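Below is model_28.cif, holding mmCIF, C-alpha atoms.
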```cif
data_target
#
loop_
_atom_site.label_atom_id
_atom_site.label_comp_id
_atom_site.auth_asym_id
_atom_site.auth_seq_id
_atom_site.Cartn_x
_atom_site.Cartn_y
_atom_site.Cartn_z
CA MET A 680 0.00 0.00 0.00
CA VAL A 681 1.31 3.43 -1.00
CA THR A 682 0.16 6.74 0.42
CA ARG A 683 -1.10 9.03 -2.30
CA PHE A 684 -0.96 12.80 -2.17
CA PRO A 685 -3.17 15.53 -3.70
CA ILE A 686 -0.75 16.08 -6.58
CA VAL A 687 -1.08 15.80 -10.37
CA TYR A 688 1.74 15.50 -12.91
CA LEU A 689 1.32 16.95 -16.42
CA PRO A 690 4.27 15.89 -18.64
CA ILE A 691 4.82 17.92 -21.83
CA GLU A 692 6.52 16.72 -25.02
CA PHE A 693 5.63 19.30 -27.71
CA GLY A 694 5.31 22.67 -26.03
CA SER A 695 3.87 24.42 -29.08
CA ARG A 696 0.94 22.02 -29.19
CA GLU A 697 0.43 20.99 -25.58
CA PHE A 698 1.58 23.62 -23.12
CA ASP A 699 -1.13 26.29 -23.28
CA SER A 700 -4.01 23.87 -22.78
CA LYS A 701 -2.13 21.91 -20.10
CA ALA A 702 -1.34 25.21 -18.34
CA LEU A 703 -5.08 25.99 -18.36
CA LEU A 704 -5.72 22.56 -16.83
CA ALA A 705 -2.98 23.22 -14.26
CA THR A 706 -4.65 26.46 -13.13
CA VAL A 707 -7.98 24.65 -12.75
CA LEU A 708 -6.33 21.98 -10.58
CA ALA A 709 -4.27 24.44 -8.54
CA THR A 710 -7.29 26.68 -7.94
CA ARG A 711 -9.06 23.64 -6.48
CA GLY A 712 -6.14 23.25 -4.06
CA TYR A 713 -4.16 20.48 -5.75
CA SER A 714 -0.42 20.62 -6.33
CA VAL A 715 0.58 20.41 -9.99
CA ILE A 716 3.92 19.56 -11.59
CA ILE A 717 3.96 20.65 -15.23
CA GLY A 718 6.81 20.59 -17.69
CA GLN A 719 9.19 18.48 -19.75
CA GLN A 720 8.32 14.81 -19.69
CA TRP A 721 11.87 13.44 -19.75
CA LEU A 722 12.86 14.85 -16.36
CA LEU A 723 9.59 13.66 -14.85
CA TYR A 724 9.98 10.18 -16.30
CA ASN A 725 13.55 9.95 -14.98
CA ASN A 726 12.29 10.64 -11.44
CA MET A 727 8.98 8.77 -11.50
CA ARG A 728 9.91 6.29 -8.79
CA GLN A 729 10.80 8.93 -6.20
CA LEU A 730 8.07 11.50 -6.85
CA PRO A 731 5.24 11.68 -4.28
CA ALA A 732 2.50 9.36 -5.48
CA GLY A 733 -0.39 11.13 -7.15
CA THR A 734 -1.86 11.06 -10.67
CA VAL A 735 0.17 11.19 -13.90
CA LEU A 736 -1.54 12.23 -17.14
CA PHE A 737 0.27 10.58 -20.06
CA LYS A 738 -0.25 11.94 -23.58
CA SER A 739 0.18 8.82 -25.67
CA PHE A 740 -0.40 5.09 -25.97
CA ASN A 741 2.98 4.69 -27.63
CA ASN A 742 5.45 2.11 -26.33
CA ILE A 743 8.10 4.75 -25.65
CA HIS A 744 5.99 5.96 -22.71
CA HIS A 745 5.30 2.47 -21.33
CA PRO A 746 8.40 2.18 -19.07
CA ALA A 747 7.44 5.44 -17.36
CA MET A 748 3.89 4.14 -16.93
CA VAL A 749 5.19 0.94 -15.37
CA ALA A 750 7.48 2.92 -13.05
CA ALA A 751 4.60 5.20 -12.10
CA LYS A 752 2.34 2.26 -11.26
CA LYS A 753 5.04 0.62 -9.14
CA ALA A 754 5.53 3.89 -7.26
CA GLY A 755 1.81 4.07 -6.47
CA HIS A 756 0.74 6.76 -8.95
CA ARG A 757 -2.58 6.62 -10.75
CA VAL A 758 -1.83 6.32 -14.46
CA ILE A 759 -4.24 8.07 -16.83
CA ILE A 760 -3.81 8.42 -20.60
CA LEU A 761 -5.34 10.86 -23.06
CA GLU A 762 -3.97 9.99 -26.51
CA GLU A 763 -3.43 13.40 -28.14
CA GLU A 764 -3.10 11.93 -31.62
CA LEU A 765 -6.69 10.67 -31.44
CA LEU A 766 -8.19 14.14 -31.14
CA ALA A 767 -10.87 14.23 -33.82
CA HIS A 768 -10.21 10.86 -35.47
CA ILE A 769 -13.48 9.33 -36.58
CA GLU A 770 -12.48 5.95 -38.05
CA LYS A 771 -12.17 2.79 -35.97
CA VAL A 772 -9.14 1.59 -37.96
CA ALA A 773 -7.18 4.76 -37.07
CA ILE A 774 -7.94 4.38 -33.36
CA ALA A 775 -7.02 0.70 -33.47
CA ASN A 776 -3.68 1.54 -35.11
CA TYR A 777 -2.76 3.66 -32.07
CA CYS A 778 -3.60 0.90 -29.57
CA THR A 779 -0.21 -0.61 -28.84
CA LYS A 780 0.37 -3.99 -27.24
CA HIS A 781 -0.37 -4.01 -23.48
CA ILE A 782 -1.95 -0.55 -23.59
CA PHE A 783 -5.03 -1.88 -21.83
CA ASP A 784 -2.88 -3.43 -19.06
CA LEU A 785 -1.08 -0.26 -17.97
CA PRO A 786 -3.41 2.63 -17.07
CA ASP A 787 -6.02 2.98 -14.36
CA VAL A 788 -8.22 5.01 -16.70
CA ILE A 789 -8.16 6.07 -20.36
CA LEU A 790 -9.69 9.42 -21.27
CA ALA A 791 -11.49 9.62 -24.60
CA ASN A 792 -11.98 12.79 -26.60
CA GLY A 793 -15.59 11.83 -27.32
CA ALA A 794 -18.27 9.14 -27.25
CA PHE A 795 -17.15 7.61 -30.55
CA GLU A 796 -13.58 7.08 -29.35
CA LYS A 797 -14.88 5.64 -26.06
CA SER A 798 -17.07 3.11 -27.89
CA VAL A 799 -14.11 1.93 -29.99
CA LEU A 800 -11.75 1.69 -27.01
CA ASP A 801 -14.39 -0.16 -24.97
CA GLU A 802 -14.73 -2.69 -27.79
CA LEU A 803 -10.99 -3.08 -28.37
CA SER A 804 -10.26 -3.50 -24.66
CA GLY A 805 -13.17 -5.86 -24.07
CA GLY A 806 -14.20 -3.62 -21.18
CA LYS A 807 -10.93 -4.40 -19.41
CA ILE A 808 -10.12 -0.79 -18.54
CA PRO A 809 -12.42 2.12 -17.60
CA VAL A 810 -12.74 4.62 -20.46
CA GLU A 811 -14.18 8.04 -19.63
CA VAL A 812 -15.35 10.70 -22.07
CA ALA A 813 -13.47 13.89 -21.20
CA GLY A 814 -12.98 16.10 -24.26
CA ASN A 815 -9.67 17.88 -24.76
CA GLY A 816 -8.28 21.11 -23.33
CA ARG A 817 -6.88 22.03 -26.74
CA ILE A 818 -10.45 22.69 -27.81
CA ASP A 819 -11.37 24.69 -24.69
CA ILE A 820 -8.60 27.19 -25.27
CA LEU A 821 -9.76 27.83 -28.85
CA LYS A 822 -13.18 29.08 -27.77
CA PRO A 823 -13.96 32.81 -27.94
CA ALA A 824 -13.72 33.17 -24.15
CA TYR A 825 -9.96 32.51 -24.40
CA HIS A 826 -9.11 34.51 -27.51
CA GLY A 827 -7.90 37.34 -25.29
CA PHE A 828 -5.21 35.03 -23.93
CA PHE A 829 -3.62 34.99 -27.40
CA GLN A 830 -4.25 38.63 -28.36
CA ARG A 831 -0.70 39.84 -27.75
CA ASP A 832 0.72 37.06 -29.92
CA ILE A 833 -1.96 37.57 -32.58
CA ASP A 834 -1.06 41.26 -32.76
CA ALA A 835 2.64 40.40 -33.09
CA VAL A 836 1.97 37.93 -35.92
CA ARG A 837 -0.23 40.41 -37.79
CA ALA A 838 2.35 43.17 -37.32
CA ARG A 839 4.86 40.97 -39.19
CA PHE A 840 2.64 39.44 -41.87
CA GLY A 841 -0.46 41.62 -42.10
CA ASP A 842 -3.41 39.95 -43.81
CA PHE A 843 -1.97 36.45 -44.34
CA ILE A 844 -3.08 33.00 -45.42
CA LEU A 845 -1.82 30.18 -43.19
CA ILE A 846 -0.76 26.82 -44.66
CA ASN A 847 -0.34 24.02 -42.13
CA THR A 848 1.47 20.93 -43.36
CA ASN A 849 1.45 17.49 -41.79
CA PHE A 850 4.46 15.64 -43.22
CA GLY A 851 6.10 14.18 -40.13
CA ILE A 852 7.28 11.10 -42.04
CA ILE A 853 8.68 12.35 -45.33
CA ASN A 854 9.88 15.68 -43.85
CA THR A 855 10.75 14.11 -40.53
CA LEU A 856 12.56 15.88 -37.71
CA TRP A 857 14.74 12.77 -37.67
CA ASN A 858 17.29 11.92 -40.32
CA SER A 859 15.29 9.79 -42.73
CA VAL A 860 12.03 8.00 -43.43
CA GLU A 861 13.79 4.80 -42.34
CA GLN A 862 14.65 6.30 -38.95
CA VAL A 863 11.14 7.59 -38.30
CA THR A 864 9.82 4.17 -39.36
CA ASP A 865 12.09 2.53 -36.79
CA ILE A 866 10.80 4.94 -34.13
CA HIS A 867 7.20 3.98 -34.96
CA VAL A 868 8.11 0.31 -34.76
CA ARG A 869 9.60 0.86 -31.30
CA ALA A 870 6.56 2.93 -30.35
CA GLY A 871 4.38 -0.05 -31.24
CA PHE A 872 2.42 1.74 -33.96
CA ILE A 873 3.92 -0.45 -36.72
CA LYS A 874 3.73 -4.21 -36.16
CA LEU A 875 6.22 -5.81 -38.54
CA ASP A 876 4.62 -9.26 -38.16
CA ASP A 877 1.24 -7.88 -39.27
CA PRO A 878 0.94 -7.26 -43.05
CA LYS A 879 -2.06 -4.96 -42.51
CA SER A 880 -0.04 -2.79 -40.15
CA VAL A 881 2.89 -2.58 -42.57
CA LYS A 882 0.49 -1.77 -45.43
CA ALA A 883 -1.13 0.98 -43.33
CA TRP A 884 2.29 2.57 -42.75
CA ASP A 885 3.13 2.39 -46.44
CA ASP A 886 -0.21 4.07 -47.11
CA GLN A 887 0.74 6.87 -44.70
CA ILE A 888 4.03 7.49 -46.49
CA GLU A 889 2.40 7.60 -49.91
CA PHE A 890 -0.42 9.79 -48.54
CA GLU A 891 2.11 12.38 -47.40
CA ARG A 892 4.08 12.30 -50.66
CA VAL A 893 1.01 12.85 -52.83
CA ASN A 894 -0.36 15.58 -50.58
CA LYS A 895 2.97 17.40 -50.47
CA THR A 896 3.06 17.57 -54.24
CA ALA A 897 -0.53 18.85 -54.26
CA ILE A 898 -0.06 21.54 -51.61
CA LEU A 899 3.12 22.79 -53.30
CA THR A 900 1.11 23.21 -56.51
CA ALA A 901 -1.61 25.07 -54.61
CA ILE A 902 0.81 27.40 -52.82
CA LYS A 903 2.73 28.32 -55.95
CA GLU A 904 -0.48 28.92 -57.90
CA LEU A 905 -1.94 31.05 -55.11
CA SER A 906 1.32 33.00 -54.92
CA ARG A 907 1.31 33.54 -58.69
CA ARG A 908 -2.28 34.76 -58.77
CA ARG A 909 -1.96 36.99 -55.70
CA PRO A 910 1.63 38.27 -55.56
CA GLN A 911 0.73 40.86 -52.91
CA GLN A 912 -0.89 38.29 -50.62
CA ARG A 913 1.30 37.17 -47.71
CA ILE A 914 1.35 33.38 -47.32
CA VAL A 915 2.82 31.69 -44.25
CA LEU A 916 3.63 27.97 -44.29
CA ARG A 917 3.86 26.46 -40.82
CA PRO A 918 5.31 22.92 -40.77
CA HIS A 919 4.10 20.31 -38.28
CA PRO A 920 6.19 20.09 -35.07
CA GLY A 921 7.42 16.68 -36.22
CA GLU A 922 8.87 18.11 -39.43
CA ALA A 923 12.41 19.39 -39.92
CA ILE A 924 11.86 23.02 -40.88
CA GLU A 925 15.18 23.14 -42.74
CA ARG A 926 13.77 20.69 -45.29
CA TRP A 927 11.71 23.63 -46.59
CA ASN A 928 14.80 25.78 -47.26
CA GLY A 929 14.78 27.13 -50.81
CA VAL A 930 11.46 25.53 -51.78
CA PHE A 931 9.83 28.94 -52.31
CA ALA A 932 12.83 30.88 -53.57
CA ASP A 933 10.76 32.08 -56.54
CA GLN A 934 7.76 33.04 -54.38
CA PRO A 935 8.88 36.03 -52.28
CA ASN A 936 5.43 36.41 -50.69
CA VAL A 937 5.70 32.92 -49.14
CA SER A 938 7.38 32.57 -45.73
CA VAL A 939 8.14 29.36 -43.83
CA VAL A 940 7.79 30.00 -40.10
CA ARG A 941 7.32 27.84 -37.01
CA GLU A 942 7.45 29.86 -33.83
CA GLY A 943 5.57 29.41 -30.57
CA ALA A 944 2.12 27.87 -30.23
CA HIS A 945 0.05 27.35 -33.36
CA VAL A 946 -3.16 28.92 -32.02
CA PRO A 947 -2.16 32.62 -32.42
CA TRP A 948 -1.26 31.90 -36.05
CA THR A 949 -4.63 30.22 -36.59
CA LEU A 950 -6.53 33.07 -34.93
CA GLY A 951 -4.47 35.70 -36.72
CA CYS A 952 -4.80 34.40 -40.26
CA ARG A 953 -7.38 35.29 -42.90
CA MET A 954 -7.96 31.64 -43.69
CA LEU A 955 -6.22 28.28 -43.21
CA LEU A 956 -5.32 25.66 -45.81
CA HIS A 957 -4.06 22.22 -44.80
CA THR A 958 -3.49 18.62 -45.88
CA SER A 959 -5.48 16.52 -43.38
CA CYS A 960 -4.42 18.23 -40.17
CA THR A 961 -6.24 18.50 -36.84
CA THR A 962 -5.63 22.25 -37.02
CA GLY A 963 -8.36 22.41 -39.67
CA PHE A 964 -10.82 21.20 -37.07
CA GLU A 965 -9.35 23.53 -34.48
CA ALA A 966 -9.63 26.49 -36.87
CA GLN A 967 -13.32 25.83 -37.44
CA ALA A 968 -13.86 25.47 -33.70
CA ALA A 969 -12.24 28.91 -33.33
CA GLY A 970 -14.48 30.44 -36.00
CA LYS A 971 -11.93 30.55 -38.84
CA MET A 972 -12.37 29.42 -42.44
CA ALA A 973 -10.34 26.29 -43.20
CA MET A 974 -10.05 24.16 -46.34
CA SER A 975 -8.41 20.77 -46.78
CA LEU A 976 -6.50 19.43 -49.78
CA VAL A 977 -6.40 15.64 -50.20
CA ALA A 978 -5.11 14.53 -53.59
CA ASN A 979 -6.21 10.89 -53.23
CA PRO A 980 -8.84 10.42 -50.49
CA ASN A 981 -8.58 7.13 -48.61
CA TRP A 982 -9.11 5.67 -45.13
CA ILE A 983 -6.47 8.01 -43.71
CA SER A 984 -8.13 11.19 -44.94
CA ASP A 985 -11.56 9.84 -43.98
CA SER A 986 -10.35 9.43 -40.40
CA PHE A 987 -9.69 13.16 -39.88
CA ILE A 988 -12.75 15.02 -38.68
CA SER A 989 -11.31 18.17 -40.26
CA ASN A 990 -11.89 16.54 -43.66
CA HIS A 991 -15.57 16.19 -42.81
CA LEU A 992 -16.03 19.63 -41.25
CA ASN A 993 -13.95 21.65 -43.74
CA PRO A 994 -14.54 21.94 -47.49
CA LEU A 995 -12.46 19.14 -49.02
CA PHE A 996 -10.70 19.42 -52.39
CA THR A 997 -8.80 16.83 -54.41
CA ASP A 998 -7.60 19.30 -57.06
CA PRO A 999 -5.14 21.98 -55.87
CA ILE A 1000 -6.28 24.46 -58.55
CA LYS A 1001 -9.93 24.10 -57.55
CA MET A 1002 -8.94 24.74 -53.92
CA VAL A 1003 -7.15 27.92 -55.01
CA ASP A 1004 -10.30 28.94 -56.90
CA ALA A 1005 -12.35 28.40 -53.74
CA ALA A 1006 -9.82 30.26 -51.59
CA GLU A 1007 -9.98 33.25 -53.92
CA ALA A 1008 -13.78 33.23 -53.86
CA TYR A 1009 -13.64 33.41 -50.09
CA LEU A 1010 -10.89 36.04 -49.96
CA ASP A 1011 -12.47 38.31 -52.58
CA ARG A 1012 -16.18 37.91 -51.91
CA GLY A 1013 -16.56 36.00 -48.64
CA GLU A 1014 -18.17 33.27 -50.71
CA VAL A 1015 -18.06 29.67 -49.51
CA ILE A 1016 -18.53 27.66 -52.69
CA GLN A 1017 -18.33 24.29 -50.95
CA LYS A 1018 -19.28 23.24 -47.43
CA GLY A 1019 -18.15 20.40 -45.21
CA ARG A 1020 -20.16 17.23 -44.72
CA LEU A 1021 -20.40 17.55 -40.93
CA SER A 1022 -21.59 20.34 -38.63
CA LEU A 1023 -19.90 21.42 -35.41
CA GLU A 1024 -22.98 20.23 -33.52
CA GLU A 1025 -22.59 16.75 -35.01
CA ALA A 1026 -18.88 16.83 -34.14
CA GLU A 1027 -19.71 16.70 -30.41
CA HIS A 1028 -20.07 12.93 -30.81
CA TYR A 1029 -16.34 12.85 -31.54
CA VAL A 1030 -15.09 15.72 -29.35
CA TRP A 1031 -17.22 16.12 -26.23
CA ASN A 1032 -16.35 19.76 -25.47
CA ILE A 1033 -16.71 21.28 -28.93
CA GLY A 1034 -19.90 22.97 -27.69
CA GLY A 1035 -20.81 24.10 -24.20
CA ASN A 1036 -19.01 21.37 -22.24
CA VAL A 1037 -15.69 22.29 -20.61
CA GLY A 1038 -12.99 19.68 -21.09
CA VAL A 1039 -10.47 20.94 -18.52
CA GLU A 1040 -13.07 20.84 -15.75
CA ARG A 1041 -14.06 17.28 -16.63
CA ILE A 1042 -10.42 16.18 -16.96
CA ALA A 1043 -9.60 17.77 -13.59
CA ASP A 1044 -12.48 15.81 -12.02
CA LEU A 1045 -11.14 12.54 -13.41
CA LEU A 1046 -7.49 13.22 -12.55
CA THR A 1047 -8.30 13.93 -8.91
CA ARG A 1048 -10.72 11.07 -8.41
CA ASP A 1049 -9.28 8.71 -5.76
CA LEU A 1050 -6.74 11.30 -4.61
CA PRO A 1051 -6.95 12.63 -1.06
CA ALA A 1052 -8.57 16.02 -0.52
CA PRO A 1053 -6.24 19.00 -0.93
CA GLY A 1054 -4.42 20.10 2.18
CA GLY A 1055 -1.32 22.22 1.70
CA GLN A 1056 1.59 21.84 -0.67
CA VAL A 1057 3.26 18.48 -1.20
CA LYS A 1058 6.96 18.33 -0.38
CA MET A 1059 9.12 17.41 -3.36
CA PRO A 1060 12.38 15.45 -3.15
CA PRO A 1061 15.52 16.60 -4.99
CA LEU A 1062 15.31 15.50 -8.61
CA ALA A 1063 17.96 13.53 -10.46
CA ALA A 1064 19.05 15.54 -13.51
CA TYR A 1065 18.32 14.39 -17.04
CA GLU A 1066 20.50 15.62 -19.88
CA ARG A 1067 18.42 16.28 -22.98
CA SER A 1068 19.70 16.48 -26.53
CA GLU A 1069 19.20 19.68 -28.49
CA LYS A 1070 16.55 17.88 -30.54
CA LEU A 1071 14.52 17.14 -27.41
CA LYS A 1072 15.02 20.69 -26.14
CA SER A 1073 13.62 21.98 -29.42
CA LYS A 1074 10.36 20.20 -28.59
CA PHE A 1075 9.88 22.00 -25.27
CA ASP A 1076 12.11 24.56 -23.62
CA LEU A 1077 10.65 27.12 -21.20
CA ASN A 1078 12.14 29.33 -18.51
CA MET A 1079 10.49 30.65 -15.36
CA GLN A 1080 9.48 33.99 -16.86
CA GLY A 1081 7.88 32.28 -19.84
CA CYS A 1082 5.83 30.04 -17.57
CA VAL A 1083 4.80 33.00 -15.36
CA ASP A 1084 3.68 34.89 -18.45
CA VAL A 1085 1.44 32.07 -19.69
CA LEU A 1086 -0.16 31.51 -16.29
CA GLN A 1087 -0.76 35.22 -15.71
CA ARG A 1088 -2.45 35.56 -19.09
CA ILE A 1089 -4.65 32.53 -18.36
CA LEU A 1090 -5.72 33.96 -15.00
CA GLY A 1091 -6.32 37.35 -16.56
CA THR A 1092 -8.44 35.87 -19.34
CA THR A 1093 -10.54 33.76 -16.97
CA GLY A 1094 -10.89 36.57 -14.44
CA SER A 1095 -9.66 34.25 -11.68
CA ARG A 1096 -8.47 35.87 -8.45
CA ALA A 1097 -6.74 32.72 -7.23
CA ASN A 1098 -3.44 33.40 -5.49
CA LEU A 1099 -1.13 30.81 -7.00
CA ASN A 1100 2.49 30.08 -6.20
CA LEU A 1101 4.90 28.96 -8.94
CA ASN A 1102 8.38 27.50 -8.49
CA GLN A 1103 10.83 26.08 -10.98
CA ILE A 1104 12.04 22.69 -9.76
CA GLY A 1105 14.11 21.62 -12.77
CA GLU A 1106 14.93 22.47 -16.35
CA SER A 1107 11.58 23.41 -17.99
CA LEU A 1108 9.74 21.87 -15.02
CA PHE A 1109 7.48 23.80 -12.64
CA TYR A 1110 5.48 23.39 -9.42
CA LEU A 1111 2.13 25.22 -9.22
CA ALA A 1112 -0.07 25.37 -6.14
CA LEU A 1113 -2.27 27.69 -4.14
CA ALA A 1114 -0.21 30.15 -2.15
CA ALA A 1115 -0.24 29.53 1.58
CA PRO A 1116 -2.59 31.93 3.40
CA LYS A 1117 -0.87 34.79 5.16
CA ALA A 1118 -0.60 34.42 8.91
#
```
Show this structure as structure tokens.
Amino acid sequence: MVTRFPIVYLPIEFGSREFDSKALLATVLATRGYSVIIGQQWLLYNNMRQLPAGTVLFKSFNNIHHPAMVAAKKAGHRVIILEEELLAHIEKVAIANYCTKHIFDLPDVILANGAFEKSVLDELSGGKIPVEVAGNGRIDILKPAYHGFFQRDIDAVRARFGDFILINTNFGIINTLWNSVEQVTDIHVRAGFIKLDDPKSVKAWDDQIEFERVNKTAILTAIKELSRRRPQQRIVLRPHPGEAIERWNGVFADQPNVSVVREGAHVPWTLGCRMLLHTSCTTGFEAQAAGKMAMSLVANPNWISDSFISNHLNPLFTDPIKMVDAAEAYLDRGEVIQKGRLSLEEAEHYVWNIGGNVGVERIADLLTRDLPAPGGQVKMPPLAAYERSEKLKSKFDLNMQGCVDVLQRILGTTGSRANLNLNQIGESLFYLALAAPKA
């Protein structure tokens, strides 16, 4: 038997995608009186066995996280997983592909983005593990109530690029942050997402590679045509966090109005743009949730493209020139010449908090279930250092002032008067809790 404490751990891998929404969740938990450790996952994982037992929210089913889950369970932590890659997937085959071996043996609870995902996970697990519908904080922070949180960054983006079109790419295999397609394939094998003894799994991976290659050719055609037609229009291409940005060097040398930029969180860029174009990316769904026009380009629709809810919500084009025609109609006349097949109201079946529900409140309820009631800050032991490579630092690197800034803007946007105390306890790792009352 292990004594648990009123403490929640929120590991972060990709800061640009995860940190803002996890920081919002952290303020909800801390305001309720719980201690929260938020920051880089590698330092947390390296110290899992000695951290005070509480709840750890893992972001992925992938095998690379399994040793930390096992260590957390042995140390008495509650292990909860919300698979970030399943946000807005609406095909059973896609969800099944993310369910690695033993994933239903490790956690205490799995959080699902919506009722559809829960039904699939219940079936795949045979009811072995509790699955709770919780939504996703990444959707909460896109809602109009939080737009003020991003206003400073939106203003900065618009000051640089004016009235711009945003292109979000999703080529984490063929433009991988790693050295080659072969290396990223090996990583996915180790993660458990590719099962080499399963021909269907290998075929699905080959389909993913070809899907990216065809879509990259199509989006390049669209960008260059849009640039040619509208030479005064600023166009910003923002590669996926898993892409090596240097692979885009020189691609648009003949299109001076096209810039390749990847700085900070993606939301201010989405909120600041005139419209968003993408190639089967969750940001298309997020853009529509935030009230922005988004269009998707899929050269050869298949089971992969069908799995993305953005391809059902957004207008979908298979011909890059026809997408450029539609983009111009919207830019010039506000005309939407093609609509998506799914409404935001219907999307609630897949993402629980797309409407009035609040994901971070529900997630906070589930994370603190079975923890003792809050009662003062939890004492932390000294942490063993973990030396990260520059590649891992590029995923998430935040100093104390940066963390303070995010939390202050969240509290200011929500109007909360909670008196919170923040301390840095390691590289890019922070402790948040209610400040002790003054004597």
Q: Rounded to one decimal place, report the CA of Ile914 (chain A)-CA of Ala901 (chain A) distance in Å.
A: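 Between CA of Ile914 (chain A) and CA of Ala901 (chain A) the gap is 11.4 Å.
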Q: Would you translate the PyMOL selection byres ((chain A and resi 1078-1088) around 8) into the concrete set of residues it matches in this file, as number ranges by chain?
A: A: 699, 702-703, 706, 828, 1076-1077, 1089-1092, 1101-1103, 1106-1107, 1109
Q: Dig up all the protein and nucleic acid residues within 12 Å of (-0.4, 19.8, -47.9) in the file frame, using all atoms listed in the file, and format them as a PyMOL selection string.
A: chain A and resi 845-851+854+890-902+916-919+955-960+963+974-979+984+996-999+1002
With C-alpha atoms kept, could you save the residues just selected as a PDB file, in the frame of the given file?
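Just written: result-v8.pdb:
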```
ATOM      1  CA  LEU A 845      -1.820  30.180 -43.190  1.00  0.00           C
ATOM      2  CA  ILE A 846      -0.760  26.820 -44.660  1.00  0.00           C
ATOM      3  CA  ASN A 847      -0.340  24.020 -42.130  1.00  0.00           C
ATOM      4  CA  THR A 848       1.470  20.930 -43.360  1.00  0.00           C
ATOM      5  CA  ASN A 849       1.450  17.490 -41.790  1.00  0.00           C
ATOM      6  CA  PHE A 850       4.460  15.640 -43.220  1.00  0.00           C
ATOM      7  CA  GLY A 851       6.100  14.180 -40.130  1.00  0.00           C
ATOM      8  CA  ASN A 854       9.880  15.680 -43.850  1.00  0.00           C
ATOM      9  CA  PHE A 890      -0.420   9.790 -48.540  1.00  0.00           C
ATOM     10  CA  GLU A 891       2.110  12.380 -47.400  1.00  0.00           C
ATOM     11  CA  ARG A 892       4.080  12.300 -50.660  1.00  0.00           C
ATOM     12  CA  VAL A 893       1.010  12.850 -52.830  1.00  0.00           C
ATOM     13  CA  ASN A 894      -0.360  15.580 -50.580  1.00  0.00           C
ATOM     14  CA  LYS A 895       2.970  17.400 -50.470  1.00  0.00           C
ATOM     15  CA  THR A 896       3.060  17.570 -54.240  1.00  0.00           C
ATOM     16  CA  ALA A 897      -0.530  18.850 -54.260  1.00  0.00           C
ATOM     17  CA  ILE A 898      -0.060  21.540 -51.610  1.00  0.00           C
ATOM     18  CA  LEU A 899       3.120  22.790 -53.300  1.00  0.00           C
ATOM     19  CA  THR A 900       1.110  23.210 -56.510  1.00  0.00           C
ATOM     20  CA  ALA A 901      -1.610  25.070 -54.610  1.00  0.00           C
ATOM     21  CA  ILE A 902       0.810  27.400 -52.820  1.00  0.00           C
ATOM     22  CA  LEU A 916       3.630  27.970 -44.290  1.00  0.00           C
ATOM     23  CA  ARG A 917       3.860  26.460 -40.820  1.00  0.00           C
ATOM     24  CA  PRO A 918       5.310  22.920 -40.770  1.00  0.00           C
ATOM     25  CA  HIS A 919       4.100  20.310 -38.280  1.00  0.00           C
ATOM     26  CA  LEU A 955      -6.220  28.280 -43.210  1.00  0.00           C
ATOM     27  CA  LEU A 956      -5.320  25.660 -45.810  1.00  0.00           C
ATOM     28  CA  HIS A 957      -4.060  22.220 -44.800  1.00  0.00           C
ATOM     29  CA  THR A 958      -3.490  18.620 -45.880  1.00  0.00           C
ATOM     30  CA  SER A 959      -5.480  16.520 -43.380  1.00  0.00           C
ATOM     31  CA  CYS A 960      -4.420  18.230 -40.170  1.00  0.00           C
ATOM     32  CA  GLY A 963      -8.360  22.410 -39.670  1.00  0.00           C
ATOM     33  CA  MET A 974     -10.050  24.160 -46.340  1.00  0.00           C
ATOM     34  CA  SER A 975      -8.410  20.770 -46.780  1.00  0.00           C
ATOM     35  CA  LEU A 976      -6.500  19.430 -49.780  1.00  0.00           C
ATOM     36  CA  VAL A 977      -6.400  15.640 -50.200  1.00  0.00           C
ATOM     37  CA  ALA A 978      -5.110  14.530 -53.590  1.00  0.00           C
ATOM     38  CA  ASN A 979      -6.210  10.890 -53.230  1.00  0.00           C
ATOM     39  CA  SER A 984      -8.130  11.190 -44.940  1.00  0.00           C
ATOM     40  CA  PHE A 996     -10.700  19.420 -52.390  1.00  0.00           C
ATOM     41  CA  THR A 997      -8.800  16.830 -54.410  1.00  0.00           C
ATOM     42  CA  ASP A 998      -7.600  19.300 -57.060  1.00  0.00           C
ATOM     43  CA  PRO A 999      -5.140  21.980 -55.870  1.00  0.00           C
ATOM     44  CA  MET A1002      -8.940  24.740 -53.920  1.00  0.00           C
TER      45      MET A1002
END
```
Q: Pick out the closest residue to Val1057 (chain A) from this set: A:Met727, A:Val1030, A:Lys971, A:Val715. Count only C-alpha atoms.
A: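 So, comparing all the options, the nearest one is A:Val715.
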Q.
Between CA of Asp886 (chain A) and CA of Ile983 (chain A), what distance in Å does the model show, to one decimal?
A.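 We find that CA of Asp886 (chain A) and CA of Ile983 (chain A) lie 8.1 Å from each other.
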Q: Just give me the gap between CA of Glu1040 (chain A) and CA of Leu1021 (chain A) in Å, one decimal is fine.
A: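 Distance reported for this atom pair: 26.4 Å.
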(Q) the PyMOL selection byres ((chain A and resi 1027) around 10) - which residues does that actually catch in the file I just gave you? List them as a list in words. (A)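 Answer for the PyMOL selection byres ((chain A and resi 1027) around 10): Ala767, Asn792, Gly793, Ala794, Phe795, Gly814, Ser1022, Leu1023, Glu1024, Glu1025, Ala1026, His1028, Tyr1029, Val1030, Trp1031, Asn1032, Ile1033, Gly1034, Gly1035 and Asn1036 of chain A.
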(Q) Applying 9 Å and only C-alpha atoms, which residues near Pro935 (chain A) remain after dropping the ones on its own chain fewer than 4 positions away? List them as JSON, numbers by chain. (A) {"A": [906, 910, 913, 931]}
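Distances here use only C-alpha atoms; by that measure, the residue among A:Phe1075, A:Tyr777, A:Phe693, A:Tyr713 closest to Tyr1110 (chain A) is A:Tyr713.
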